[in-house]
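Visitor: Data: target.pdb, PDB, C-alpha atoms and all ligand atoms.
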```pdb
ATOM      1  CA  MET R   1      69.165 -18.176 247.306  1.00  0.00           C
ATOM      2  CA  ASN R   2      68.086 -17.991 250.971  1.00  0.00           C
ATOM      3  CA  GLU R   3      68.673 -20.673 253.617  1.00  0.00           C
ATOM      4  CA  GLN R   4      65.147 -22.104 253.261  1.00  0.00           C
ATOM      5  CA  GLN R   5      65.523 -22.497 249.476  1.00  0.00           C
ATOM      6  CA  ALA R   6      68.917 -24.173 249.934  1.00  0.00           C
ATOM      7  CA  GLN R   7      67.392 -26.595 252.470  1.00  0.00           C
ATOM      8  CA  SER R   8      64.465 -27.495 250.183  1.00  0.00           C
ATOM      9  CA  ILE R   9      66.880 -28.343 247.349  1.00  0.00           C
ATOM     10  CA  GLN R  10      68.914 -30.486 249.762  1.00  0.00           C
ATOM     11  CA  ASP R  11      65.704 -32.333 250.706  1.00  0.00           C
ATOM     12  CA  CYS R  12      64.415 -32.637 247.115  1.00  0.00           C
ATOM     13  CA  ILE R  13      63.610 -36.260 246.218  1.00  0.00           C
ATOM     14  CA  PHE R  14      64.157 -35.716 242.491  1.00  0.00           C
ATOM     15  CA  CYS R  15      67.579 -34.108 243.127  1.00  0.00           C
ATOM     16  CA  LYS R  16      68.381 -37.236 245.159  1.00  0.00           C
ATOM     17  CA  ILE R  17      67.244 -39.498 242.297  1.00  0.00           C
ATOM     18  CA  ALA R  18      69.332 -37.424 239.845  1.00  0.00           C
ATOM     19  CA  SER R  19      72.438 -37.752 242.027  1.00  0.00           C
ATOM     20  CA  GLY R  20      71.904 -41.487 242.586  1.00  0.00           C
ATOM     21  CA  GLU R  21      71.358 -41.007 246.317  1.00  0.00           C
ATOM     22  CA  MET R  22      67.813 -42.378 245.977  1.00  0.00           C
ATOM     23  CA  PRO R  23      66.921 -45.382 243.787  1.00  0.00           C
ATOM     24  CA  ALA R  24      64.646 -45.151 240.751  1.00  0.00           C
ATOM     25  CA  ASP R  25      63.873 -47.266 237.691  1.00  0.00           C
ATOM     26  CA  ILE R  26      65.942 -45.174 235.278  1.00  0.00           C
ATOM     27  CA  VAL R  27      65.123 -45.572 231.585  1.00  0.00           C
ATOM     28  CA  SER R  28      67.380 -42.889 230.104  1.00  0.00           C
ATOM     29  CA  SER R  29      70.331 -40.814 231.264  1.00  0.00           C
ATOM     30  CA  ASN R  30      71.627 -37.848 229.271  1.00  0.00           C
ATOM     31  CA  THR R  31      73.852 -34.779 229.742  1.00  0.00           C
ATOM     32  CA  HIS R  32      71.271 -32.512 231.396  1.00  0.00           C
ATOM     33  CA  THR R  33      68.399 -34.897 232.095  1.00  0.00           C
ATOM     34  CA  ILE R  34      67.403 -38.298 233.372  1.00  0.00           C
ATOM     35  CA  ALA R  35      64.179 -40.235 232.855  1.00  0.00           C
ATOM     36  CA  PHE R  36      62.723 -42.759 235.288  1.00  0.00           C
ATOM     37  CA  ARG R  37      59.445 -44.609 235.793  1.00  0.00           C
ATOM     38  CA  ASP R  38      56.785 -42.926 237.912  1.00  0.00           C
ATOM     39  CA  ILE R  39      56.286 -44.753 241.219  1.00  0.00           C
ATOM     40  CA  ASN R  40      52.488 -44.541 240.769  1.00  0.00           C
ATOM     41  CA  PRO R  41      51.944 -45.065 237.018  1.00  0.00           C
ATOM     42  CA  GLN R  42      48.715 -43.761 235.467  1.00  0.00           C
ATOM     43  CA  ALA R  43      49.151 -45.682 232.190  1.00  0.00           C
ATOM     44  CA  PRO R  44      51.233 -48.600 230.825  1.00  0.00           C
ATOM     45  CA  THR R  45      54.006 -46.059 230.129  1.00  0.00           C
ATOM     46  CA  HIS R  46      54.449 -43.333 232.733  1.00  0.00           C
ATOM     47  CA  VAL R  47      57.954 -41.909 232.786  1.00  0.00           C
ATOM     48  CA  LEU R  48      59.198 -38.658 234.324  1.00  0.00           C
ATOM     49  CA  VAL R  49      61.907 -36.649 232.562  1.00  0.00           C
ATOM     50  CA  ILE R  50      63.745 -34.293 234.924  1.00  0.00           C
ATOM     51  CA  PRO R  51      66.647 -31.879 234.664  1.00  0.00           C
ATOM     52  CA  ARG R  52      69.706 -32.859 236.726  1.00  0.00           C
ATOM     53  CA  THR R  53      69.764 -29.296 238.045  1.00  0.00           C
ATOM     54  CA  HIS R  54      67.047 -28.087 240.422  1.00  0.00           C
ATOM     55  CA  ILE R  55      64.385 -25.945 238.687  1.00  0.00           C
ATOM     56  CA  GLU R  56      61.206 -25.771 240.756  1.00  0.00           C
ATOM     57  CA  HIS R  57      58.577 -25.826 238.023  1.00  0.00           C
ATOM     58  CA  ALA R  58      57.804 -24.791 234.450  1.00  0.00           C
ATOM     59  CA  ALA R  59      56.951 -21.230 235.509  1.00  0.00           C
ATOM     60  CA  ASP R  60      60.568 -20.791 236.677  1.00  0.00           C
ATOM     61  CA  VAL R  61      62.062 -21.660 233.280  1.00  0.00           C
ATOM     62  CA  GLU R  62      64.268 -18.902 231.843  1.00  0.00           C
ATOM     63  CA  PRO R  63      66.069 -18.407 228.503  1.00  0.00           C
ATOM     64  CA  GLY R  64      69.273 -19.729 230.136  1.00  0.00           C
ATOM     65  CA  HIS R  65      67.567 -23.112 230.563  1.00  0.00           C
ATOM     66  CA  ALA R  66      67.036 -23.543 226.810  1.00  0.00           C
ATOM     67  CA  GLU R  67      69.492 -26.414 226.357  1.00  0.00           C
ATOM     68  CA  ILE R  68      68.010 -28.302 229.323  1.00  0.00           C
ATOM     69  CA  ILE R  69      64.418 -27.875 228.141  1.00  0.00           C
ATOM     70  CA  ILE R  70      65.245 -29.000 224.602  1.00  0.00           C
ATOM     71  CA  GLU R  71      66.940 -32.078 226.031  1.00  0.00           C
ATOM     72  CA  MET R  72      63.856 -32.793 228.154  1.00  0.00           C
ATOM     73  CA  LEU R  73      61.767 -32.847 224.966  1.00  0.00           C
ATOM     74  CA  THR R  74      64.219 -34.919 222.928  1.00  0.00           C
ATOM     75  CA  THR R  75      64.555 -37.337 225.863  1.00  0.00           C
ATOM     76  CA  ALA R  76      60.753 -37.625 226.001  1.00  0.00           C
ATOM     77  CA  ARG R  77      60.743 -38.587 222.312  1.00  0.00           C
ATOM     78  CA  GLU R  78      63.513 -41.164 222.898  1.00  0.00           C
ATOM     79  CA  VAL R  79      61.536 -42.628 225.794  1.00  0.00           C
ATOM     80  CA  ALA R  80      58.394 -42.800 223.630  1.00  0.00           C
ATOM     81  CA  ALA R  81      60.393 -44.593 220.928  1.00  0.00           C
ATOM     82  CA  SER R  82      61.973 -47.101 223.324  1.00  0.00           C
ATOM     83  CA  GLU R  83      58.570 -47.735 224.964  1.00  0.00           C
ATOM     84  CA  GLY R  84      57.039 -48.419 221.519  1.00  0.00           C
ATOM     85  CA  ILE R  85      54.459 -45.596 221.719  1.00  0.00           C
ATOM     86  CA  LEU R  86      55.988 -43.036 219.355  1.00  0.00           C
ATOM     87  CA  ALA R  87      53.730 -43.945 216.426  1.00  0.00           C
ATOM     88  CA  LYS R  88      50.470 -44.330 218.399  1.00  0.00           C
ATOM     89  CA  GLY R  89      50.891 -41.137 220.424  1.00  0.00           C
ATOM     90  CA  TYR R  90      51.386 -40.136 224.021  1.00  0.00           C
ATOM     91  CA  ARG R  91      50.797 -37.219 226.352  1.00  0.00           C
ATOM     92  CA  LEU R  92      53.404 -34.784 227.726  1.00  0.00           C
ATOM     93  CA  VAL R  93      52.401 -32.952 230.907  1.00  0.00           C
ATOM     94  CA  PHE R  94      53.939 -30.285 233.120  1.00  0.00           C
ATOM     95  CA  ASN R  95      51.826 -29.718 236.234  1.00  0.00           C
ATOM     96  CA  VAL R  96      52.362 -26.253 237.729  1.00  0.00           C
ATOM     97  CA  GLY R  97      51.022 -25.354 241.170  1.00  0.00           C
ATOM     98  CA  ASP R  98      48.240 -26.588 243.407  1.00  0.00           C
ATOM     99  CA  ASP R  99      45.278 -26.440 241.001  1.00  0.00           C
ATOM    100  CA  ALA R 100      47.162 -28.686 238.578  1.00  0.00           C
ATOM    101  CA  GLY R 101      47.991 -31.179 241.335  1.00  0.00           C
ATOM    102  CA  ASN R 102      51.716 -30.440 241.292  1.00  0.00           C
ATOM    103  CA  LEU R 103      53.217 -32.411 244.198  1.00  0.00           C
ATOM    104  CA  VAL R 104      56.967 -32.567 243.648  1.00  0.00           C
ATOM    105  CA  PRO R 105      58.709 -29.157 243.481  1.00  0.00           C
ATOM    106  CA  HIS R 106      61.396 -30.217 240.966  1.00  0.00           C
ATOM    107  CA  LEU R 107      60.584 -29.720 237.277  1.00  0.00           C
ATOM    108  CA  HIS R 108      59.391 -32.942 235.636  1.00  0.00           C
ATOM    109  CA  LEU R 109      57.806 -33.772 232.313  1.00  0.00           C
ATOM    110  CA  HIS R 110      55.308 -36.637 232.493  1.00  0.00           C
ATOM    111  CA  VAL R 111      55.494 -38.960 229.455  1.00  0.00           C
ATOM    112  CA  ILE R 112      52.254 -40.938 229.537  1.00  0.00           C
ATOM    113  CA  GLY R 113      51.059 -43.457 226.988  1.00  0.00           C
ATOM    114  CA  GLY R 114      50.212 -47.010 226.050  1.00  0.00           C
ATOM    115  CA  ARG R 115      46.447 -46.464 226.247  1.00  0.00           C
ATOM    116  CA  THR R 116      43.914 -44.052 224.756  1.00  0.00           C
ATOM    117  CA  MET R 117      43.285 -40.972 226.892  1.00  0.00           C
ATOM    118  CA  SER R 118      40.379 -38.605 227.268  1.00  0.00           C
ATOM    119  CA  TRP R 119      40.382 -34.827 226.972  1.00  0.00           C
ATOM    120  CA  PRO R 120      39.858 -32.563 228.858  1.00  0.00           C
ATOM    121  CA  PRO R 121      41.890 -33.974 231.765  1.00  0.00           C
ATOM    122  CA  GLY R 122      40.148 -34.260 235.150  1.00  0.00           C
TER
HETATM  123  P1  LIG R 201      53.254 -33.972 239.956  1.00  0.00           P
HETATM  124  O1  LIG R 201      51.904 -34.210 240.542  1.00  0.00           O
HETATM  125  O2  LIG R 201      54.131 -33.172 240.889  1.00  0.00           O
HETATM  126  O3  LIG R 201      53.213 -33.431 238.564  1.00  0.00           O
HETATM  127  O4  LIG R 201      53.888 -35.402 239.797  1.00  0.00           O
HETATM  128  C1  LIG R 201      54.761 -35.993 240.681  1.00  0.00           C
HETATM  129  C2  LIG R 201      54.899 -37.433 240.253  1.00  0.00           C
HETATM  130  O5  LIG R 201      56.024 -37.979 240.910  1.00  0.00           O
HETATM  131  C3  LIG R 201      53.682 -38.290 240.653  1.00  0.00           C
HETATM  132  O6  LIG R 201      53.154 -38.885 239.474  1.00  0.00           O
HETATM  133  C4  LIG R 201      54.272 -39.311 241.616  1.00  0.00           C
HETATM  134  O7  LIG R 201      53.695 -40.587 241.477  1.00  0.00           O
HETATM  135  C5  LIG R 201      55.747 -39.306 241.281  1.00  0.00           C
HETATM  136  N1  LIG R 201      56.627 -39.585 242.402  1.00  0.00           N
HETATM  137  C6  LIG R 201      56.571 -39.014 243.636  1.00  0.00           C
HETATM  138  N2  LIG R 201      57.571 -39.466 244.409  1.00  0.00           N
HETATM  139  C7  LIG R 201      58.278 -40.344 243.642  1.00  0.00           C
HETATM  140  C8  LIG R 201      59.441 -41.141 243.892  1.00  0.00           C
HETATM  141  O8  LIG R 201      60.029 -41.140 244.978  1.00  0.00           O
HETATM  142  N3  LIG R 201      59.879 -41.926 242.864  1.00  0.00           N
HETATM  143  C9  LIG R 201      59.254 -41.955 241.648  1.00  0.00           C
HETATM  144  N4  LIG R 201      59.777 -42.765 240.709  1.00  0.00           N
HETATM  145  N5  LIG R 201      58.163 -41.200 241.382  1.00  0.00           N
HETATM  146  C10 LIG R 201      57.680 -40.422 242.363  1.00  0.00           C
HETATM  147 ZN    ZN R 202      65.394 -30.899 243.041  1.00  0.00          ZN
END
```
Take the structure I supplied and represent it as structure tokens, if you would.
Guide:
Amino acid sequence: MNEQQAQSIQDCIFCKIASGEMPADIVSSNTHTIAFRDINPQAPTHVLVIPRTHIEHAADVEPGHAEIIIEMLTTAREVAASEGILAKGYRLVFNVGDDAGNLVPHLHLHVIGGRTMSWPPG
């Protein structure tokens, strides 16, 4: 890791939320992951599931992250259940890079639901 990468992790807002340095409306806290409400919700339920450790985005995931990624998915299901949307359905989204509108460079899984959604996404 070079100095610039180390600095960007130090400045990372989602690392700060994971460490408790920055406030968030946390809905679930597990061994490798936490889940909190998106500050700008796009649906009645819009929760972000993040790893506690800094991974930049889904394209950086490696076999060594397997346990973390599985926990992100099981946490997403738990969130859907506690939000009452498990039976009706919901959308899971990883945005990667500029064309997808990826803004925060810390891996996050959007859990979006509570309304019907269209496809394809805009
Ligand atoms: P992306 O576009 O990178 O996939 O999604 C980033 C998401 O993080 C956006 O939906 C945005 O509203 C949310 N977000 C950005 N900053 C904060 C923050 O400080 N707190 C919370 N709770 N959500 C944030
Ligand atoms: Zn981070």
Visitor: Of the candidates R:Glu3, R:Ala24, R:Asn95, R:Thr45, which shows the shortest atom-to-atom distance to Pro121 of chain R, using all atoms listed in the file?
Guide: R:Asn95
Visitor: So which one's closest to ligand ZN 202 (chain R), R:Ala58, R:Leu86, R:Leu92, R:Val104? Using only C-alpha atoms and all ligand atoms, please.
Guide: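 Closest to ligand ZN 202 (chain R) of all the choices is R:Val104.
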Visitor: For a test of reading the model, state the distance in Å between atom CA of Val96 of chain R and atom CA of Pro44 of chain R, rounded to one decimal.
Guide: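 Rounded to one decimal, the two atoms are 23.4 Å apart.
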Visitor: Mind listing the residues within 10 Å of ligand ZN 202 (chain R), only C-alpha atoms and all ligand atoms counted, as a ChimeraX atom specification?
Guide: /R:8-19,50-57,104-108
Visitor: Decode the PyMOL selection byres (((not hetatm)) within 6 of (chain R and resi 201)) for the given file into explicit residues and return them as an MDAnalysis selection string.
Guide: chainID R and resid 24 37:40 95 101:104
Visitor: Convert the output of the PyMOL selection byres (((chain R and resi 67-83) around 12) and not hetatm) on the shown file into explicit residues, formatted as a PyMOL selection string.
Guide: chain R and resi 26-37+44-55+57-58+60-66+84-94+107-114
Visitor: Provide the atom CA of Asn2 of chain R to atom CA of Ala100 of chain R distance in Å, to one decimal place.
Guide: 26.6 Å
Visitor: Can you tell me how far atom CA of Met117 of chain R sits from atom CA of Pro23 of chain R, in Å to one decimal?
Guide: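 That distance, rounded to one decimal, is 29.4 Å.
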Visitor: Would you give the centre and edge lengths, in Å to one decimal, of a box along x, y and z around the listed atoms of segment 74-89 of chain R, with 8 Å added to each side, as AutoDock Vina command-line options?
Guide:
```
--center_x 57.5 --center_y -41.7 --center_z 221.2 --size_x 30.1 --size_y 29.5 --size_z 25.6
```
